[in-house]
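J.: What follows is a single structure, and I will ask about it in a moment.
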Amino acid sequence: MNLDLLFDPLFRIPFLVGLLLAATLPPLGVVLRLRNEWLAALGLAHLAGASGLLGLAVGMPAVLGAPLGAVAGALVKSLGHFSGNTVYAVMILVGWATTLLIASNTSLGSVMGHALVEGQLYFAGGIHLAVAVVVAVLMAVALPWLMPRLVRAQLFPGYEVSNRLPAWQWHVSFDVLAALAMAAGAGSLGLMGAFALVFVPPWVSFRLASNWRAGLWISLGIGLVAYLGAFVCALILDQPFGPVLVAFLVVVAAVAQLFRRR
Amino acid sequence: MDRSLLRVRAVVAGYAAPVVGPFSLEVSCGDVIGLAGPNGTGKSTLLKAIASGARIFSGEVEKKPGLTIGWQQQQPVFPLGMPFTGRDYLRCAQANFDAIPSRLARWLDKRVDALSGGQFQLLSVWAVLGGFCDLVLLDEPTNNLDPEGAAILTDALQQDLGHRAVLLVSHERDFLEGACSRVLEVGQ
């Protein structure tokens with residue numbers, strides 16, 4: 001156990017990348033859960049992983065290749081008028097098969113495949129930070145505007161139909177935002193790490209919260225607490241980050257469940 | 001169209017095939033119009049056609065330019081497992097909190113998924129009635145309501161009539177007679 005690692009300048013950028021994503025993905029998950037599309041996170045992350053590897057095959061950095069596949073998946077879903085989780089299950093299968101086939105047939109792909117599974121946050125560099133900043137800024141600007149419209153569309157679907165509102169624009173915008181965030185998350189935190197940050201905090205907070213705003217804050221809090229705990233533990237215990245993050249989130253969920261029962 | 005908000009002229013509407021019509025009506029500011037008729041005669045389909053949710057095979061629906069429509073569907077979306085309070089729910093619908101009935105006010109800070117079916121029904125009707133829309137469409141608004149709830153609904157229907165009109169579908173003849181300025185039969 002080496003506590004000095006926590007203060008090593010080498011890990012400042014990875015820490016910031018993870019912190020931004022831990023603040024970005026839970027609120028995204030709140031909206032995905034509202035839309036009953038929480039499986040989107042895993043579907044988009046798998047497509048991001050596959051396109052990241054495909055990008056590497058043609059000389060493109062994975063962090064740039066990954067969003068292309070995720071955004072393409074989001075557009076297919078939006079413009080094809082698919083709703084619910086079925087289309088995301090198909091994305092998972094396609095992404096998983098593509099990722100493993102590329103990883104099995106190229107040496108670079110094999111390394112990246114492991115990185116996607118394990119979550120190599122500690123190797124995040126400037127480009128990962130730039131992507132995380134872009135995603136965080138987009139979320140901070142767009143989500144407060146999109147959220148009321150998306151909530152209304154979910155609770156009062158007749159309103160946008162009867163007033164012929166351009167609702168498709170909001171839905172496509174959110175789908176693309178989700179794709180970008182999941183691509184950034186999967187590239188830095190790993191597939192399951194990013195998925196867990198989108199899935200677990202809203203799952204817990206929706207059960208605990210007394211109102212919508214509290215649900216958002218609880219989600220954000222769970223994401224940040226679990227991230228900070230996982231960052232410290234994985235670093236000082238020399239463990240892969242993704243599984244440790246997932247473990248922390250699961251523990252938080254279990255504790256929250258106990259808290260709820262009392 | 002001055003005070004006229006909506007003109008429905010010989011509309012035949014449905015989905016894959018026609019379900020209702022030809023049907024005509026005119027709705028003006030201040031109207032509370034009830035649509036009555038047996039099951040399967042296309043009352044809800046007519047409402048959907050006006051709200052652009054069903055196919056119009058022939059005829060015409062003319063709306064006042066800029067008309068805003070609030071549409072409470074027969075089965076409003078129940079936010080099961082979602083942390084919405086009554087206040088969140090109404091805020092999302094941009095409903096008016098000032099004139100809210102006192103019975104509803106008691107539920108504002110409760111989670112909507114903890115409300116009973118009747119409580120949720122009244123809340124979802126108020127979300128549309130308490131909003132800003134010029135024309136309110138209500139599909140079976142008395143579903144699950146007890147007599148007190150139905151009375152609250154009848155009172156609420158009379159509010160703000162200077163600014164809007166209501167078109168509603170119901171099976172309950174007594175409610176229609178008590179709440180509406182006109183009752184039209186569909187399917188005759």
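Residues are referred to by chain and number: the chain letter is A, B, ... according to the order shown in the structure tokens, the number counts from 1 in that chain, and ligands are numbered separately from 1 in the order shown.
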If you take only C-alpha atoms and a cut-off of 10 Å, which residues of chain B touch chain A, and what are their nearest atom pairs and distances in Å to one decimal, in chain and number order, as CSV?

T.:
residue,atom,partner,partner_atom,distance
B:Lys48,CA,A:Ser162,CA,8.4
B:Ala49,CA,A:Ser162,CA,9.2
B:Ile50,CA,A:Ser162,CA,7.7
B:Ala51,CA,A:Ser162,CA,4.2
B:Ser52,CA,A:Ser162,CA,5.4
B:Gly53,CA,A:Val161,CA,6.6
B:Gly66,CA,A:Asn163,CA,9.1
B:Leu67,CA,A:Asn163,CA,8.0
B:Thr68,CA,A:Asn163,CA,6.1
B:Ile69,CA,A:Asn163,CA,6.0
B:Gly70,CA,A:Tyr159,CA,6.0
B:Trp71,CA,A:Gly158,CA,5.6
B:Gln72,CA,A:Gly158,CA,7.1
B:Gln73,CA,A:Gly158,CA,7.0
B:Pro76,CA,A:Phe156,CA,7.5
B:Val77,CA,A:Leu155,CA,5.6
B:Phe78,CA,A:Leu155,CA,7.6
B:Pro79,CA,A:Leu155,CA,7.2
B:Leu80,CA,A:Leu34,CA,10.0
B:Gly81,CA,A:Phe206,CA,6.5
B:Met82,CA,A:Phe206,CA,5.7
B:Pro83,CA,A:Asn211,CA,4.9
B:Phe84,CA,A:Asn211,CA,5.1
B:Thr85,CA,A:Asn211,CA,5.4
B:Gly86,CA,A:Asn211,CA,9.0
B:Arg87,CA,A:Asn211,CA,8.8
B:Asp88,CA,A:Trp212,CA,6.8
B:Tyr89,CA,A:Leu155,CA,8.1
B:Arg91,CA,A:Pro148,CA,9.5
B:Cys92,CA,A:Arg152,CA,5.8
B:Ala93,CA,A:Arg152,CA,6.7
B:Gln94,CA,A:Arg152,CA,9.5
B:Asp109,CA,A:Asn211,CA,8.1
B:Lys110,CA,A:Ser210,CA,7.7
B:Arg111,CA,A:Ser210,CA,6.5
B:Val112,CA,A:Asn211,CA,9.4
B:Ser124,CA,A:Phe156,CA,9.3
B:Ala127,CA,A:Phe156,CA,9.3
B:Val128,CA,A:Phe156,CA,9.2
B:Cys133,CA,A:Tyr159,CA,9.9
B:Leu137,CA,A:Ser162,CA,9.7

J.: Would you mind exporting N, CA and C atoms of the selected residues as a CSV table (one decimal), in the first residue's frame?

T.:
chain,number,residue,atom,x,y,z
B,48,LYS,N,-58.5,12.2,-30.1
B,48,LYS,CA,-57.1,12.0,-30.6
B,48,LYS,C,-56.9,12.7,-32.0
B,49,ALA,N,-57.9,12.6,-32.8
B,49,ALA,CA,-57.8,13.2,-34.1
B,49,ALA,C,-57.7,14.7,-34.0
B,50,ILE,N,-58.4,15.3,-33.0
B,50,ILE,CA,-58.2,16.8,-32.8
B,50,ILE,C,-56.8,17.1,-32.3
B,51,ALA,N,-56.3,16.1,-31.5
B,51,ALA,CA,-55.0,16.3,-30.9
B,51,ALA,C,-53.8,15.8,-31.8
B,52,SER,N,-54.2,15.5,-33.0
B,52,SER,CA,-53.2,15.1,-34.0
B,52,SER,C,-52.6,13.7,-33.7
B,53,GLY,N,-53.3,12.9,-32.9
B,53,GLY,CA,-52.9,11.6,-32.5
B,53,GLY,C,-53.5,10.5,-33.2
B,66,GLY,N,-52.1,29.5,-33.6
B,66,GLY,CA,-51.4,29.6,-32.3
B,66,GLY,C,-52.1,28.9,-31.2
B,67,LEU,N,-53.2,28.2,-31.5
B,67,LEU,CA,-53.9,27.5,-30.4
B,67,LEU,C,-53.0,26.5,-29.7
B,68,THR,N,-53.1,26.6,-28.3
B,68,THR,CA,-52.3,25.6,-27.5
B,68,THR,C,-53.3,24.6,-27.0
B,69,ILE,N,-52.9,23.3,-27.0
B,69,ILE,CA,-53.8,22.2,-26.6
B,69,ILE,C,-53.2,21.4,-25.4
B,70,GLY,N,-54.0,21.3,-24.4
B,70,GLY,CA,-53.7,20.4,-23.3
B,70,GLY,C,-54.5,19.1,-23.4
B,71,TRP,N,-53.8,18.0,-23.4
B,71,TRP,CA,-54.5,16.7,-23.7
B,71,TRP,C,-54.3,15.7,-22.6
B,72,GLN,N,-55.3,15.4,-21.8
B,72,GLN,CA,-55.2,14.4,-20.8
B,72,GLN,C,-55.7,13.1,-21.4
B,73,GLN,N,-54.8,12.1,-21.6
B,73,GLN,CA,-55.2,10.9,-22.3
B,73,GLN,C,-55.9,10.0,-21.3
B,76,PRO,N,-53.3,8.3,-18.2
B,76,PRO,CA,-52.2,9.2,-18.1
B,76,PRO,C,-51.0,8.4,-17.6
B,77,VAL,N,-49.8,8.8,-18.0
B,77,VAL,CA,-48.5,8.1,-17.6
B,77,VAL,C,-48.3,8.2,-16.1
B,78,PHE,N,-48.3,7.1,-15.4
B,78,PHE,CA,-48.1,7.0,-14.0
B,78,PHE,C,-46.6,6.9,-13.7
B,79,PRO,N,-46.0,7.8,-13.0
B,79,PRO,CA,-44.5,7.7,-12.9
B,79,PRO,C,-44.1,6.8,-11.8
B,80,LEU,N,-44.4,5.5,-12.0
B,80,LEU,CA,-44.0,4.5,-11.0
B,80,LEU,C,-42.5,4.4,-10.8
B,81,GLY,N,-42.1,4.5,-9.5
B,81,GLY,CA,-40.7,4.4,-9.2
B,81,GLY,C,-39.9,5.7,-9.5
B,82,MET,N,-40.6,6.7,-9.9
B,82,MET,CA,-39.9,8.0,-10.1
B,82,MET,C,-40.1,9.0,-9.0
B,83,PRO,N,-39.1,9.7,-8.6
B,83,PRO,CA,-39.2,10.6,-7.4
B,83,PRO,C,-39.9,11.9,-7.7
B,84,PHE,N,-41.1,11.9,-8.3
B,84,PHE,CA,-41.8,13.1,-8.6
B,84,PHE,C,-42.8,13.3,-7.5
B,85,THR,N,-42.8,14.5,-6.8
B,85,THR,CA,-43.9,14.9,-5.9
B,85,THR,C,-45.0,15.5,-6.8
B,86,GLY,N,-46.2,15.7,-6.1
B,86,GLY,CA,-47.3,16.3,-6.8
B,86,GLY,C,-46.9,17.7,-7.3
B,87,ARG,N,-46.0,18.4,-6.5
B,87,ARG,CA,-45.6,19.7,-7.0
B,87,ARG,C,-44.7,19.6,-8.2
B,88,ASP,N,-43.8,18.6,-8.2
B,88,ASP,CA,-42.9,18.4,-9.4
B,88,ASP,C,-43.8,18.1,-10.6
B,89,TYR,N,-44.8,17.3,-10.4
B,89,TYR,CA,-45.6,16.9,-11.5
B,89,TYR,C,-46.4,18.1,-12.1
B,91,ARG,N,-45.6,21.2,-11.7
B,91,ARG,CA,-44.6,22.2,-12.2
B,91,ARG,C,-44.2,21.8,-13.7
B,92,CYS,N,-44.0,20.5,-13.8
B,92,CYS,CA,-43.6,20.0,-15.1
B,92,CYS,C,-44.7,20.3,-16.2
B,93,ALA,N,-46.0,20.3,-15.7
B,93,ALA,CA,-47.1,20.6,-16.7
B,93,ALA,C,-47.3,22.1,-16.8
B,94,GLN,N,-46.5,22.9,-16.0
B,94,GLN,CA,-46.7,24.4,-16.0
B,94,GLN,C,-48.1,24.7,-15.5
B,109,ASP,N,-46.7,17.6,-1.7
B,109,ASP,CA,-45.4,17.2,-1.3
B,109,ASP,C,-45.2,15.6,-1.1
B,110,LYS,N,-46.2,14.9,-1.5
B,110,LYS,CA,-46.1,13.5,-1.5
B,110,LYS,C,-45.6,13.0,-2.9
B,111,ARG,N,-44.9,11.9,-2.9
B,111,ARG,CA,-44.5,11.3,-4.2
B,111,ARG,C,-45.7,10.8,-4.9
B,112,VAL,N,-45.7,11.1,-6.2
B,112,VAL,CA,-46.9,10.7,-7.0
B,112,VAL,C,-47.1,9.2,-7.0
B,124,SER,N,-53.7,14.4,-12.2
B,124,SER,CA,-53.3,14.5,-13.7
B,124,SER,C,-54.3,15.3,-14.5
B,127,ALA,N,-53.3,18.9,-13.7
B,127,ALA,CA,-52.1,19.2,-14.5
B,127,ALA,C,-52.5,19.8,-15.8
B,128,VAL,N,-53.6,19.4,-16.4
B,128,VAL,CA,-54.0,19.9,-17.7
B,128,VAL,C,-54.9,21.1,-17.6
B,133,CYS,N,-53.2,26.2,-21.4
B,133,CYS,CA,-53.6,25.9,-22.8
B,133,CYS,C,-55.0,26.5,-23.1
B,137,LEU,N,-58.4,19.0,-23.7
B,137,LEU,CA,-59.1,17.8,-24.1
B,137,LEU,C,-58.9,16.8,-22.9

J.: Give me, please, the distance in Å between atom CA of Glu140 of chain B and atom CA of Leu168 of chain B, quoted to one decimal.

T.: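 Interatomic distance, atom CA of Glu140 of chain B to atom CA of Leu168 of chain B: 7.2 Å.
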
J.: Do you know which residues are at most 7 Å from Arg7 of chain B counting only C-alpha atoms, after dropping those on the same chain fewer than 3 positions away, and could you put them as a list in words?

T.: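 The residues that qualify are Leu25, Glu26, Val27, Val61, Glu62 and Lys63 of chain B.
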
J.: For the residues in the current selection, export C-alpha atoms as an mmCIF file, in the first residue's frame.

T.:
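Done, and the output landed in again_1.cif:
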data_model
loop_
_atom_site.group_PDB
_atom_site.id
_atom_site.type_symbol
_atom_site.label_atom_id
_atom_site.label_comp_id
_atom_site.auth_asym_id
_atom_site.auth_seq_id
_atom_site.Cartn_x
_atom_site.Cartn_y
_atom_site.Cartn_z
ATOM 1 C CA LEU B 25 -68.577 20.524 -34.003
ATOM 2 C CA GLU B 26 -67.388 24.003 -33.180
ATOM 3 C CA VAL B 27 -65.661 24.926 -29.924
ATOM 4 C CA VAL B 61 -60.012 20.118 -38.319
ATOM 5 C CA GLU B 62 -59.471 23.868 -38.349
ATOM 6 C CA LYS B 63 -57.647 25.306 -35.355
#

J.: Between atom CA of Ala41 of chain A and atom CA of Leu20 of chain A, what is the distance, to one decimal in Å?

T.: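 That distance, rounded to one decimal, is 17.0 Å.
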
J.: If you count only C-alpha atoms, which residues fall within 12 Å of Leu145 of chain B, apart from same-chain ones fewer than 4 positions away, as a list in words?

T.: Ser116, Gly117, Gly118, Gln119, Phe120, Gln121, Leu122, Leu123, Ser124, Val125, Glu140, Pro141, Gly149, Ala150, Ala151, Ile152, Leu153, Thr154, Glu172 and Phe175 of chain B

J.: Keeping only N, CA and C atoms, take the residues you just selected and write them out as a tab-separated table (two decimals), in the first residue's frame.

T.:
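Just written: again_10.tsv:
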chain	number	residue	atom	x	y	z
B	116	SER	N	-53.04	7.24	-4.44
B	116	SER	CA	-53.98	6.21	-4.90
B	116	SER	C	-54.36	6.51	-6.35
B	117	GLY	N	-55.06	5.56	-6.97
B	117	GLY	CA	-55.47	5.76	-8.36
B	117	GLY	C	-56.35	6.99	-8.53
B	118	GLY	N	-57.27	7.20	-7.57
B	118	GLY	CA	-58.16	8.35	-7.66
B	118	GLY	C	-57.43	9.66	-7.43
B	119	GLN	N	-56.50	9.63	-6.46
B	119	GLN	CA	-55.71	10.85	-6.20
B	119	GLN	C	-54.88	11.22	-7.42
B	120	PHE	N	-54.25	10.21	-8.02
B	120	PHE	CA	-53.43	10.49	-9.20
B	120	PHE	C	-54.30	11.00	-10.36
B	121	GLN	N	-55.48	10.44	-10.49
B	121	GLN	CA	-56.36	10.87	-11.58
B	121	GLN	C	-56.69	12.36	-11.43
B	122	LEU	N	-57.03	12.75	-10.20
B	122	LEU	CA	-57.39	14.16	-9.99
B	122	LEU	C	-56.17	15.05	-10.25
B	123	LEU	N	-55.01	14.59	-9.79
B	123	LEU	CA	-53.78	15.37	-10.03
B	123	LEU	C	-53.51	15.51	-11.52
B	124	SER	N	-53.66	14.41	-12.25
B	124	SER	CA	-53.33	14.46	-13.68
B	124	SER	C	-54.35	15.31	-14.45
B	125	VAL	N	-55.59	15.33	-13.99
B	125	VAL	CA	-56.58	16.22	-14.64
B	125	VAL	C	-56.23	17.68	-14.35
B	140	GLU	N	-62.12	10.69	-20.40
B	140	GLU	CA	-62.61	9.99	-19.21
B	140	GLU	C	-61.97	10.55	-17.93
B	141	PRO	N	-62.16	11.84	-17.67
B	141	PRO	CA	-61.49	12.44	-16.50
B	141	PRO	C	-62.03	11.95	-15.16
B	149	GLY	N	-64.18	13.88	-5.50
B	149	GLY	CA	-63.25	14.18	-6.59
B	149	GLY	C	-63.99	14.66	-7.82
B	150	ALA	N	-65.12	14.01	-8.11
B	150	ALA	CA	-65.91	14.42	-9.28
B	150	ALA	C	-66.46	15.83	-9.09
B	151	ALA	N	-66.81	16.17	-7.84
B	151	ALA	CA	-67.33	17.52	-7.57
B	151	ALA	C	-66.22	18.56	-7.75
B	152	ILE	N	-65.01	18.21	-7.29
B	152	ILE	CA	-63.87	19.13	-7.47
B	152	ILE	C	-63.61	19.34	-8.95
B	153	LEU	N	-63.70	18.26	-9.70
B	153	LEU	CA	-63.48	18.35	-11.14
B	153	LEU	C	-64.53	19.24	-11.80
B	154	THR	N	-65.79	19.07	-11.38
B	154	THR	CA	-66.87	19.89	-11.95
B	154	THR	C	-66.61	21.37	-11.68
B	172	GLU	N	-70.12	8.96	-17.94
B	172	GLU	CA	-71.01	9.25	-16.80
B	172	GLU	C	-71.96	10.38	-17.17
B	175	PHE	N	-72.47	13.26	-14.64
B	175	PHE	CA	-71.34	14.18	-14.62
B	175	PHE	C	-71.40	15.11	-15.85

J.: What's around Pro22 of chain B at 12 Å? Count only C-alpha atoms, leave out sequence neighbours fewer than 6 positions away in its own chain, and write the answer as a list in words.

T.: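 Close residues of Pro22 of chain B: Val8, Arg9, Ala10, Val11, Val12, Ala13, Gly14, Thr41, Gly42, Leu46, Ile56, Phe57, Ser58, Gly59, Glu60, Val61, Val186, Gly187 and Gln188 of chain B.
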
J.: Just the strand (DSSP E) stuff from segment 64-109 of chain B, please, per backbone DSSP, written as a PyMOL selection string.

T.: chain B and resi 69-72

J.: Can you spit out the residues from that selection as a PDB file, in the first residue's frame, using C-alpha atoms?

T.:
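Wrote it out as selection20.pdb, contents follow:
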ATOM      1  CA  ILE B  69     -53.848  22.223 -26.590  1.00  0.00           C
ATOM      2  CA  GLY B  70     -53.675  20.372 -23.281  1.00  0.00           C
ATOM      3  CA  TRP B  71     -54.549  16.710 -23.663  1.00  0.00           C
ATOM      4  CA  GLN B  72     -55.167  14.357 -20.782  1.00  0.00           C
TER       5      GLN B  72
END

J.: Can you tell me how far atom CA of Ala136 of chain A sits from atom CA of Val94 of chain A, in Å to one decimal?

T.: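 Going from atom CA of Ala136 of chain A over to atom CA of Val94 of chain A, I get 27.6 Å.
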
J.: Might you pull out every residue within 10 Å of segment 3-9 of chain A, with only C-alpha atoms counted and same-chain residues fewer than 4 positions away left off, and present them as a CSV table (one decimal) with C-alpha atoms, in the first residue's frame?

T.:
chain,number,residue,atom,x,y,z
A,13,ILE,CA,-5.0,14.4,-14.9
A,14,PRO,CA,-6.5,11.0,-14.4
A,15,PHE,CA,-8.1,12.2,-11.2
A,231,PHE,CA,-9.9,6.2,-7.1
A,232,VAL,CA,-8.1,6.0,-3.7
A,233,CYS,CA,-8.5,2.3,-3.2
A,235,LEU,CA,-4.5,3.4,-6.7
A,236,ILE,CA,-3.1,2.4,-3.3
A,237,LEU,CA,-4.0,-1.2,-3.6

J.: Leaving out segment 168-179 of chain A and any residue of its chain fewer than 5 positions from it, which residues lie within 6 Å of it when counting only C-alpha atoms, given as a CSV table (one decimal) with N, CA and C atoms, in the first residue's frame?

T.:
chain,number,residue,atom,x,y,z
A,44,LEU,N,-24.5,1.9,-25.8
A,44,LEU,CA,-23.7,3.0,-26.4
A,44,LEU,C,-22.2,2.7,-26.1
A,70,ALA,N,-20.6,5.6,-31.1
A,70,ALA,CA,-21.7,5.8,-30.1
A,70,ALA,C,-22.7,6.8,-30.7
A,71,VAL,N,-22.2,7.8,-31.3
A,71,VAL,CA,-23.1,8.8,-31.9
A,71,VAL,C,-23.9,8.2,-33.1
A,74,ALA,N,-26.6,6.3,-31.6
A,74,ALA,CA,-27.7,7.1,-31.0
A,74,ALA,C,-28.5,7.7,-32.2
A,78,SER,N,-32.5,7.2,-32.7
A,78,SER,CA,-33.4,8.3,-32.7
A,78,SER,C,-34.1,8.4,-34.0

J.: Quick one: pick out all alpha helix (DSSP H) residues within segment 22-196 of chain A from a backbone DSSP run and write them as an MDAnalysis selection string.

T.: chainID A and resid 22:34 40:57 62:79 86:105 107:118 126:155 157:162 167:189 191:196
